[in-house]
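Visitor: Contents of work-v2.tsv (TSV, N, CA and C atoms) are given next:
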chain	number	residue	atom	x	y	z
A	194	GLN	N	-4.62	17.51	-26.42
A	194	GLN	CA	-5.85	16.85	-25.99
A	194	GLN	C	-5.64	16.24	-24.61
A	195	VAL	N	-6.54	16.57	-23.70
A	195	VAL	CA	-6.42	16.06	-22.34
A	195	VAL	C	-7.05	14.68	-22.25
A	196	GLN	N	-6.33	13.77	-21.63
A	196	GLN	CA	-6.87	12.43	-21.38
A	196	GLN	C	-6.57	12.02	-19.96
A	197	LEU	N	-7.59	11.45	-19.32
A	197	LEU	CA	-7.45	10.80	-18.02
A	197	LEU	C	-7.90	9.37	-18.21
A	198	VAL	N	-7.01	8.41	-17.99
A	198	VAL	CA	-7.32	7.01	-18.25
A	198	VAL	C	-7.20	6.22	-16.96
A	199	GLU	N	-8.36	5.74	-16.49
A	199	GLU	CA	-8.40	4.94	-15.26
A	199	GLU	C	-8.16	3.47	-15.57
A	200	SER	N	-7.62	2.78	-14.60
A	200	SER	CA	-7.44	1.33	-14.70
A	200	SER	C	-7.42	0.75	-13.29
A	201	GLY	N	-7.56	-0.57	-13.21
A	201	GLY	CA	-7.45	-1.25	-11.94
A	201	GLY	C	-8.75	-1.70	-11.31
A	202	GLY	N	-9.87	-1.37	-11.93
A	202	GLY	CA	-11.14	-1.82	-11.40
A	202	GLY	C	-11.35	-3.30	-11.63
A	203	GLY	N	-12.42	-3.83	-11.05
A	203	GLY	CA	-12.73	-5.24	-11.22
A	203	GLY	C	-13.67	-5.75	-10.16
A	204	LEU	N	-13.75	-7.07	-10.10
A	204	LEU	CA	-14.61	-7.75	-9.12
A	204	LEU	C	-13.74	-8.25	-7.96
A	205	VAL	N	-14.16	-7.93	-6.75
A	205	VAL	CA	-13.41	-8.35	-5.57
A	205	VAL	C	-14.38	-8.75	-4.48
A	206	GLN	N	-13.98	-9.67	-3.63
A	206	GLN	CA	-14.83	-10.10	-2.53
A	206	GLN	C	-14.78	-9.08	-1.39
A	207	PRO	N	-15.82	-9.04	-0.59
A	207	PRO	CA	-15.79	-8.15	0.59
A	207	PRO	C	-14.54	-8.41	1.43
A	208	GLY	N	-13.94	-7.32	1.89
A	208	GLY	CA	-12.71	-7.42	2.65
A	208	GLY	C	-11.45	-7.37	1.80
A	209	GLY	N	-11.62	-7.45	0.50
A	209	GLY	CA	-10.47	-7.43	-0.40
A	209	GLY	C	-9.97	-6.04	-0.70
A	210	SER	N	-8.98	-5.99	-1.59
A	210	SER	CA	-8.33	-4.73	-1.94
A	210	SER	C	-8.23	-4.57	-3.45
A	211	LEU	N	-8.22	-3.32	-3.87
A	211	LEU	CA	-7.94	-2.96	-5.26
A	211	LEU	C	-7.14	-1.67	-5.25
A	212	ARG	N	-6.36	-1.49	-6.31
A	212	ARG	CA	-5.64	-0.23	-6.50
A	212	ARG	C	-6.01	0.35	-7.86
A	213	LEU	N	-6.64	1.51	-7.82
A	213	LEU	CA	-6.99	2.20	-9.05
A	213	LEU	C	-5.86	3.15	-9.44
A	214	SER	N	-5.65	3.28	-10.74
A	214	SER	CA	-4.68	4.23	-11.27
A	214	SER	C	-5.36	5.14	-12.28
A	215	CYS	N	-4.88	6.35	-12.38
A	215	CYS	CA	-5.37	7.29	-13.37
A	215	CYS	C	-4.17	7.99	-13.98
A	216	ALA	N	-3.93	7.69	-15.24
A	216	ALA	CA	-2.81	8.29	-15.97
A	216	ALA	C	-3.30	9.50	-16.75
A	217	ALA	N	-2.66	10.64	-16.53
A	217	ALA	CA	-3.06	11.88	-17.18
A	217	ALA	C	-2.09	12.26	-18.29
A	218	SER	N	-2.63	12.84	-19.34
A	218	SER	CA	-1.82	13.40	-20.41
A	218	SER	C	-2.49	14.65	-20.94
A	219	GLY	N	-1.68	15.55	-21.52
A	219	GLY	CA	-2.23	16.78	-22.08
A	219	GLY	C	-2.39	17.91	-21.09
A	220	ILE	N	-2.00	17.68	-19.83
A	220	ILE	CA	-2.02	18.73	-18.81
A	220	ILE	C	-0.69	18.74	-18.07
A	221	ILE	N	-0.39	19.85	-17.42
A	221	ILE	CA	0.77	19.89	-16.53
A	221	ILE	C	0.29	19.32	-15.20
A	222	PHE	N	0.45	18.04	-15.05
A	222	PHE	CA	-0.17	17.26	-13.98
A	222	PHE	C	0.11	17.85	-12.61
A	223	SER	N	1.34	18.29	-12.38
A	223	SER	CA	1.72	18.76	-11.05
A	223	SER	C	0.97	20.02	-10.62
A	224	LEU	N	0.33	20.71	-11.55
A	224	LEU	CA	-0.39	21.94	-11.24
A	224	LEU	C	-1.86	21.70	-10.91
A	225	TYR	N	-2.30	20.46	-11.05
A	225	TYR	CA	-3.72	20.14	-10.88
A	225	TYR	C	-4.00	19.45	-9.55
A	226	ASP	N	-5.11	19.85	-8.94
A	226	ASP	CA	-5.69	19.05	-7.86
A	226	ASP	C	-6.37	17.84	-8.52
A	227	MET	N	-6.27	16.69	-7.85
A	227	MET	CA	-6.83	15.47	-8.42
A	227	MET	C	-7.83	14.85	-7.46
A	228	GLY	N	-8.81	14.17	-8.04
A	228	GLY	CA	-9.81	13.55	-7.19
A	228	GLY	C	-10.32	12.25	-7.78
A	229	TRP	N	-10.83	11.42	-6.90
A	229	TRP	CA	-11.56	10.21	-7.29
A	229	TRP	C	-13.01	10.37	-6.85
A	230	TYR	N	-13.92	10.20	-7.79
A	230	TYR	CA	-15.35	10.22	-7.54
A	230	TYR	C	-15.89	8.82	-7.81
A	231	ARG	N	-17.09	8.58	-7.32
A	231	ARG	CA	-17.77	7.34	-7.67
A	231	ARG	C	-19.25	7.58	-7.81
A	232	GLN	N	-19.86	6.73	-8.62
A	232	GLN	CA	-21.30	6.80	-8.82
A	232	GLN	C	-21.87	5.40	-8.86
A	233	ALA	N	-22.74	5.13	-7.90
A	233	ALA	CA	-23.44	3.86	-7.84
A	233	ALA	C	-24.76	3.99	-8.59
A	234	PRO	N	-25.32	2.87	-9.05
A	234	PRO	CA	-26.60	2.93	-9.77
A	234	PRO	C	-27.68	3.63	-8.97
A	235	GLY	N	-28.33	4.61	-9.58
A	235	GLY	CA	-29.42	5.32	-8.93
A	235	GLY	C	-29.00	6.35	-7.91
A	236	LYS	N	-27.69	6.60	-7.81
A	236	LYS	CA	-27.19	7.56	-6.82
A	236	LYS	C	-26.42	8.69	-7.51
A	237	GLU	N	-26.26	9.77	-6.75
A	237	GLU	CA	-25.48	10.90	-7.24
A	237	GLU	C	-23.99	10.54	-7.23
A	238	ARG	N	-23.26	11.20	-8.12
A	238	ARG	CA	-21.81	11.05	-8.10
A	238	ARG	C	-21.27	11.75	-6.86
A	239	GLU	N	-20.36	11.08	-6.14
A	239	GLU	CA	-19.82	11.66	-4.92
A	239	GLU	C	-18.29	11.66	-4.95
A	240	LEU	N	-17.73	12.67	-4.30
A	240	LEU	CA	-16.29	12.76	-4.16
A	240	LEU	C	-15.84	11.77	-3.09
A	241	VAL	N	-14.93	10.88	-3.44
A	241	VAL	CA	-14.44	9.87	-2.52
A	241	VAL	C	-13.16	10.36	-1.82
A	242	ALA	N	-12.23	10.88	-2.62
A	242	ALA	CA	-10.95	11.31	-2.08
A	242	ALA	C	-10.36	12.35	-3.02
A	243	SER	N	-9.58	13.26	-2.46
A	243	SER	CA	-8.93	14.27	-3.27
A	243	SER	C	-7.52	14.52	-2.75
A	244	ILE	N	-6.67	15.00	-3.65
A	244	ILE	CA	-5.29	15.33	-3.29
A	244	ILE	C	-4.91	16.60	-4.03
A	245	THR	N	-4.41	17.57	-3.29
A	245	THR	CA	-4.07	18.85	-3.90
A	245	THR	C	-2.69	18.79	-4.56
A	246	ARG	N	-2.34	19.90	-5.20
A	246	ARG	CA	-1.01	20.01	-5.82
A	246	ARG	C	0.10	19.80	-4.79
A	247	SER	N	-0.17	20.22	-3.57
A	247	SER	CA	0.82	20.08	-2.50
A	247	SER	C	0.65	18.79	-1.71
A	248	SER	N	-0.19	17.89	-2.24
A	248	SER	CA	-0.40	16.54	-1.67
A	248	SER	C	-1.16	16.53	-0.36
A	249	SER	N	-1.95	17.56	-0.10
A	249	SER	CA	-2.90	17.49	1.01
A	249	SER	C	-4.07	16.62	0.57
A	250	THR	N	-4.54	15.78	1.46
A	250	THR	CA	-5.58	14.82	1.10
A	250	THR	C	-6.85	15.03	1.90
A	251	ASN	N	-7.95	14.57	1.33
A	251	ASN	CA	-9.25	14.64	1.99
A	251	ASN	C	-10.07	13.43	1.56
A	252	TYR	N	-10.90	12.92	2.48
A	252	TYR	CA	-11.68	11.72	2.22
A	252	TYR	C	-13.12	11.89	2.70
A	253	VAL	N	-14.02	11.26	2.00
A	253	VAL	CA	-15.38	11.17	2.52
A	253	VAL	C	-15.35	10.24	3.73
A	254	ASP	N	-16.21	10.50	4.69
A	254	ASP	CA	-16.16	9.76	5.96
A	254	ASP	C	-16.25	8.24	5.76
A	255	SER	N	-17.03	7.81	4.78
A	255	SER	CA	-17.30	6.38	4.62
A	255	SER	C	-16.07	5.58	4.18
A	256	VAL	N	-15.02	6.27	3.72
A	256	VAL	CA	-13.82	5.53	3.26
A	256	VAL	C	-12.59	5.84	4.09
A	257	LYS	N	-12.73	6.73	5.05
A	257	LYS	CA	-11.57	7.06	5.89
A	257	LYS	C	-11.04	5.81	6.56
A	258	ASP	N	-9.74	5.70	6.63
A	258	ASP	CA	-9.02	4.57	7.24
A	258	ASP	C	-9.08	3.31	6.38
A	259	ARG	N	-9.72	3.38	5.22
A	259	ARG	CA	-9.74	2.23	4.30
A	259	ARG	C	-9.11	2.56	2.95
A	260	PHE	N	-9.31	3.78	2.49
A	260	PHE	CA	-8.81	4.19	1.18
A	260	PHE	C	-7.65	5.19	1.36
A	261	THR	N	-6.71	5.14	0.44
A	261	THR	CA	-5.60	6.09	0.43
A	261	THR	C	-5.37	6.63	-0.97
A	262	ILE	N	-5.40	7.94	-1.11
A	262	ILE	CA	-5.11	8.58	-2.39
A	262	ILE	C	-3.66	9.05	-2.37
A	263	SER	N	-3.00	8.90	-3.52
A	263	SER	CA	-1.62	9.36	-3.64
A	263	SER	C	-1.37	9.79	-5.09
A	264	ARG	N	-0.27	10.48	-5.30
A	264	ARG	CA	0.06	10.91	-6.65
A	264	ARG	C	1.55	10.77	-6.88
A	265	ASP	N	1.88	10.53	-8.15
A	265	ASP	CA	3.27	10.48	-8.59
A	265	ASP	C	3.40	11.46	-9.74
A	266	ASN	N	3.92	12.63	-9.46
A	266	ASN	CA	4.01	13.66	-10.49
A	266	ASN	C	4.97	13.29	-11.61
A	267	ALA	N	5.95	12.47	-11.30
A	267	ALA	CA	6.90	12.04	-12.33
A	267	ALA	C	6.24	11.12	-13.35
A	268	LYS	N	5.19	10.42	-12.92
A	268	LYS	CA	4.47	9.50	-13.81
A	268	LYS	C	3.13	10.06	-14.25
A	269	ASN	N	2.80	11.29	-13.83
A	269	ASN	CA	1.51	11.90	-14.18
A	269	ASN	C	0.34	10.99	-13.80
A	270	THR	N	0.44	10.39	-12.63
A	270	THR	CA	-0.54	9.39	-12.24
A	270	THR	C	-1.02	9.63	-10.81
A	271	VAL	N	-2.30	9.42	-10.61
A	271	VAL	CA	-2.90	9.44	-9.27
A	271	VAL	C	-3.46	8.05	-8.98
A	272	TYR	N	-3.35	7.65	-7.74
A	272	TYR	CA	-3.74	6.31	-7.33
A	272	TYR	C	-4.83	6.37	-6.25
A	273	LEU	N	-5.59	5.30	-6.16
A	273	LEU	CA	-6.51	5.13	-5.04
A	273	LEU	C	-6.36	3.70	-4.56
A	274	GLN	N	-5.72	3.54	-3.41
A	274	GLN	CA	-5.59	2.23	-2.79
A	274	GLN	C	-6.84	2.00	-1.94
A	275	MET	N	-7.55	0.94	-2.23
A	275	MET	CA	-8.80	0.64	-1.54
A	275	MET	C	-8.67	-0.68	-0.80
A	276	ASN	N	-8.76	-0.63	0.51
A	276	ASN	CA	-8.66	-1.82	1.36
A	276	ASN	C	-9.98	-2.05	2.09
A	277	SER	N	-10.13	-3.24	2.61
A	277	SER	CA	-11.33	-3.59	3.39
A	277	SER	C	-12.60	-3.21	2.63
A	278	LEU	N	-12.65	-3.58	1.38
A	278	LEU	CA	-13.77	-3.17	0.53
A	278	LEU	C	-15.09	-3.78	1.01
A	279	LYS	N	-16.15	-3.01	0.84
A	279	LYS	CA	-17.49	-3.40	1.25
A	279	LYS	C	-18.40	-3.40	0.03
A	280	PRO	N	-19.49	-4.14	0.08
A	280	PRO	CA	-20.44	-4.13	-1.05
A	280	PRO	C	-20.92	-2.71	-1.40
A	281	GLU	N	-21.04	-1.85	-0.42
A	281	GLU	CA	-21.49	-0.49	-0.68
A	281	GLU	C	-20.45	0.37	-1.38
A	282	ASP	N	-19.24	-0.15	-1.57
A	282	ASP	CA	-18.23	0.55	-2.37
A	282	ASP	C	-18.41	0.29	-3.86
A	283	THR	N	-19.32	-0.59	-4.20
A	283	THR	CA	-19.57	-0.90	-5.61
A	283	THR	C	-20.07	0.33	-6.35
A	284	ALA	N	-19.37	0.67	-7.42
A	284	ALA	CA	-19.69	1.88	-8.19
A	284	ALA	C	-18.75	1.97	-9.38
A	285	VAL	N	-19.05	2.91	-10.26
A	285	VAL	CA	-18.08	3.32	-11.27
A	285	VAL	C	-17.23	4.43	-10.65
A	286	TYR	N	-15.93	4.27	-10.72
A	286	TYR	CA	-15.01	5.24	-10.14
A	286	TYR	C	-14.40	6.09	-11.25
A	287	TYR	N	-14.44	7.40	-11.04
A	287	TYR	CA	-13.98	8.36	-12.03
A	287	TYR	C	-12.82	9.19	-11.47
A	288	CYS	N	-11.87	9.44	-12.32
A	288	CYS	CA	-10.75	10.32	-12.01
A	288	CYS	C	-11.11	11.74	-12.46
A	289	ASN	N	-10.69	12.72	-11.68
A	289	ASN	CA	-10.98	14.11	-11.97
A	289	ASN	C	-9.73	14.94	-11.77
A	290	ALA	N	-9.51	15.88	-12.70
A	290	ALA	CA	-8.41	16.83	-12.59
A	290	ALA	C	-8.99	18.23	-12.58
A	291	TYR	N	-8.55	19.06	-11.65
A	291	TYR	CA	-9.14	20.39	-11.53
A	291	TYR	C	-8.07	21.44	-11.33
A	292	ARG	N	-8.17	22.49	-12.14
A	292	ARG	CA	-7.43	23.71	-11.87
A	292	ARG	C	-8.39	24.86	-12.16
A	293	TRP	N	-8.30	25.48	-13.31
A	293	TRP	CA	-9.31	26.49	-13.65
A	293	TRP	C	-10.53	25.87	-14.29
A	294	ARG	N	-10.36	24.66	-14.81
A	294	ARG	CA	-11.46	23.87	-15.33
A	294	ARG	C	-11.19	22.45	-14.94
A	295	GLU	N	-12.17	21.61	-15.17
A	295	GLU	CA	-11.98	20.23	-14.75
A	295	GLU	C	-12.09	19.27	-15.93
A	296	TYR	N	-11.44	18.15	-15.75
A	296	TYR	CA	-11.45	17.08	-16.74
A	296	TYR	C	-11.82	15.77	-16.04
A	297	TRP	N	-12.43	14.87	-16.83
A	297	TRP	CA	-12.90	13.60	-16.28
A	297	TRP	C	-12.36	12.44	-17.11
A	298	GLY	N	-12.12	11.33	-16.42
A	298	GLY	CA	-11.85	10.08	-17.10
A	298	GLY	C	-13.13	9.39	-17.48
A	299	GLN	N	-12.99	8.22	-18.11
A	299	GLN	CA	-14.16	7.50	-18.62
A	299	GLN	C	-14.77	6.59	-17.55
A	300	GLY	N	-14.05	6.38	-16.46
A	300	GLY	CA	-14.55	5.56	-15.36
A	300	GLY	C	-14.09	4.11	-15.42
A	301	THR	N	-14.01	3.51	-14.25
A	301	THR	CA	-13.68	2.09	-14.14
A	301	THR	C	-14.61	1.46	-13.12
A	302	GLN	N	-15.15	0.30	-13.45
A	302	GLN	CA	-16.14	-0.36	-12.59
A	302	GLN	C	-15.45	-1.10	-11.45
A	303	VAL	N	-15.94	-0.87	-10.26
A	303	VAL	CA	-15.53	-1.64	-9.08
A	303	VAL	C	-16.75	-2.34	-8.53
A	304	THR	N	-16.68	-3.67	-8.43
A	304	THR	CA	-17.78	-4.46	-7.90
A	304	THR	C	-17.28	-5.27	-6.72
A	305	VAL	N	-17.93	-5.10	-5.58
A	305	VAL	CA	-17.56	-5.82	-4.37
A	305	VAL	C	-18.70	-6.78	-4.05
A	306	SER	N	-18.43	-8.07	-4.23
A	306	SER	CA	-19.49	-9.06	-4.08
A	306	SER	C	-18.89	-10.43	-3.84
A	307	LYS	N	-19.67	-11.27	-3.14
A	307	LYS	CA	-19.26	-12.67	-2.96
A	307	LYS	C	-19.51	-13.45	-4.24
What's the structure tokens form of this structure?

Guide:
Amino acid sequence: QVQLVESGGGLVQPGGSLRLSCAASGIIFSLYDMGWYRQAPGKERELVASITRSSSTNYVDSVKDRFTISRDNAKNTVYLQMNSLKPEDTAVYYCNAYRWREYWGQGTQVTVSK
């Protein structure tokens, strides 16, 4: 059974930082491309950052230079370091694993507010 379990979300003030983690089980983690998506209320789910099996990374323009995606294949975990957070980063953040099919985590809420 495949499981992706996100953690690390919460409430943070503008300008603050959070680190999201996604622990994977039931897949050969090193063979999967991984991604972080987010969905704000009333908006479409969007890809925030992705990292391939070979650790090539890609970011949506709105988070470049603020967010960093990384992976630890020994721990079957992908991370999203989020710095200089803005209120518009508020969303539910989802972990995604993709190879021939994709899997999703349950999501973790990130709220950026005073």

Visitor: Please identify the strand (DSSP E) residues within segment 240-269 of chain A (assignment by DSSP from backbone atoms) and present them as a VMD selection string.

Guide: chain A and resid 240 to 244 250 to 252 260 to 265

Visitor: Would you tabulate, counting only C-alpha atoms, all residues of segment 285-306 of chain A that have an atom at most 12 Å from an atom of segment 253-276 of chain A, showing the closest pair of atoms and their distance in Å to one decimal, sorted by chain then ascending number, as a Markdown table?

Guide:
| residue | atom | partner | partner_atom | distance |
| --- | --- | --- | --- | --- |
| A:Tyr286 | CA | A:Leu273 | CA | 9.9 |
| A:Tyr287 | CA | A:Leu273 | CA | 10.7 |
| A:Cys288 | CA | A:Val271 | CA | 8.4 |
| A:Asn289 | CA | A:Val271 | CA | 9.7 |
| A:Ala290 | CA | A:Val271 | CA | 9.8 |
| A:Gly298 | CA | A:Val271 | CA | 11.9 |
| A:Thr301 | CA | A:Leu273 | CA | 12.0 |
| A:Val303 | CA | A:Met275 | CA | 10.4 |
| A:Val305 | CA | A:Met275 | CA | 11.2 |

Visitor: Measuring between only N, CA and C atoms, which one of A:Asn251, A:Tyr291, A:Leu197, A:Thr304 shows the shortest distance to Gly219 of chain A?

Guide: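 Ranked by minimum distance to Gly219 of chain A, first place goes to A:Leu197.
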
Visitor: Given the choices A:Ser200, A:Met227, A:Tyr296, A:Ser247, which gets closest to Ser214 of chain A if the distance is worked out from only N, CA and C atoms?

Guide: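 The shortest atom-to-atom distance to Ser214 of chain A comes from A:Ser200.
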
Visitor: Can you measure atom CA of Ala284 of chain A to atom N of Tyr225 of chain A for me? One decimal in Å is fine.

Guide: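 Interatomic distance, atom CA of Ala284 of chain A to atom N of Tyr225 of chain A: 25.6 Å.
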
Visitor: For each of A:Val198, A:Val205, A:Ala217, A:Leu278, take the minimum atom-to-atom distance to Ser306 of chain A, counting all atoms listed in the file, then give the residue where this is smallest.

Guide: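 Under the stated criterion, the closest residue is A:Val205.
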
Visitor: Take atom C of Ser223 of chain A and atom N of Ser277 of chain A and report the distance between them in Å, one decimal.

Guide: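 So the answer is 29.0 Å.
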
Visitor: If we count only N, CA and C atoms, what is near Val241 of chain A at a cut-off of 6.5 Å, once residues fewer than 3 positions away on the same chain are taken out, given as a list in words?

Guide: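 Once the adjacent positions are removed, what remains is Gly228, Trp229, Tyr230, Arg231, Asn251, Tyr252 and Val253 of chain A.
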
Visitor: Between atom CA of Pro280 of chain A and atom CA of Trp297 of chain A, what is the distance in Å, rounded to a tenth?

Guide: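 Rounded to one decimal, the two atoms are 24.6 Å apart.
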
Visitor: Run DSSP on the backbone and tell me which residues of chain A come out as helix (DSSP H, G or I); list them as number ranges by chain.

Guide: A: 222-224, 254-256, 280-282

Visitor: Counting only C-alpha atoms, which residue out of A:Ile221, A:Ala233, A:Ile244, A:Gly300 sits closest to Val195 of chain A?

Guide: A:Ile221
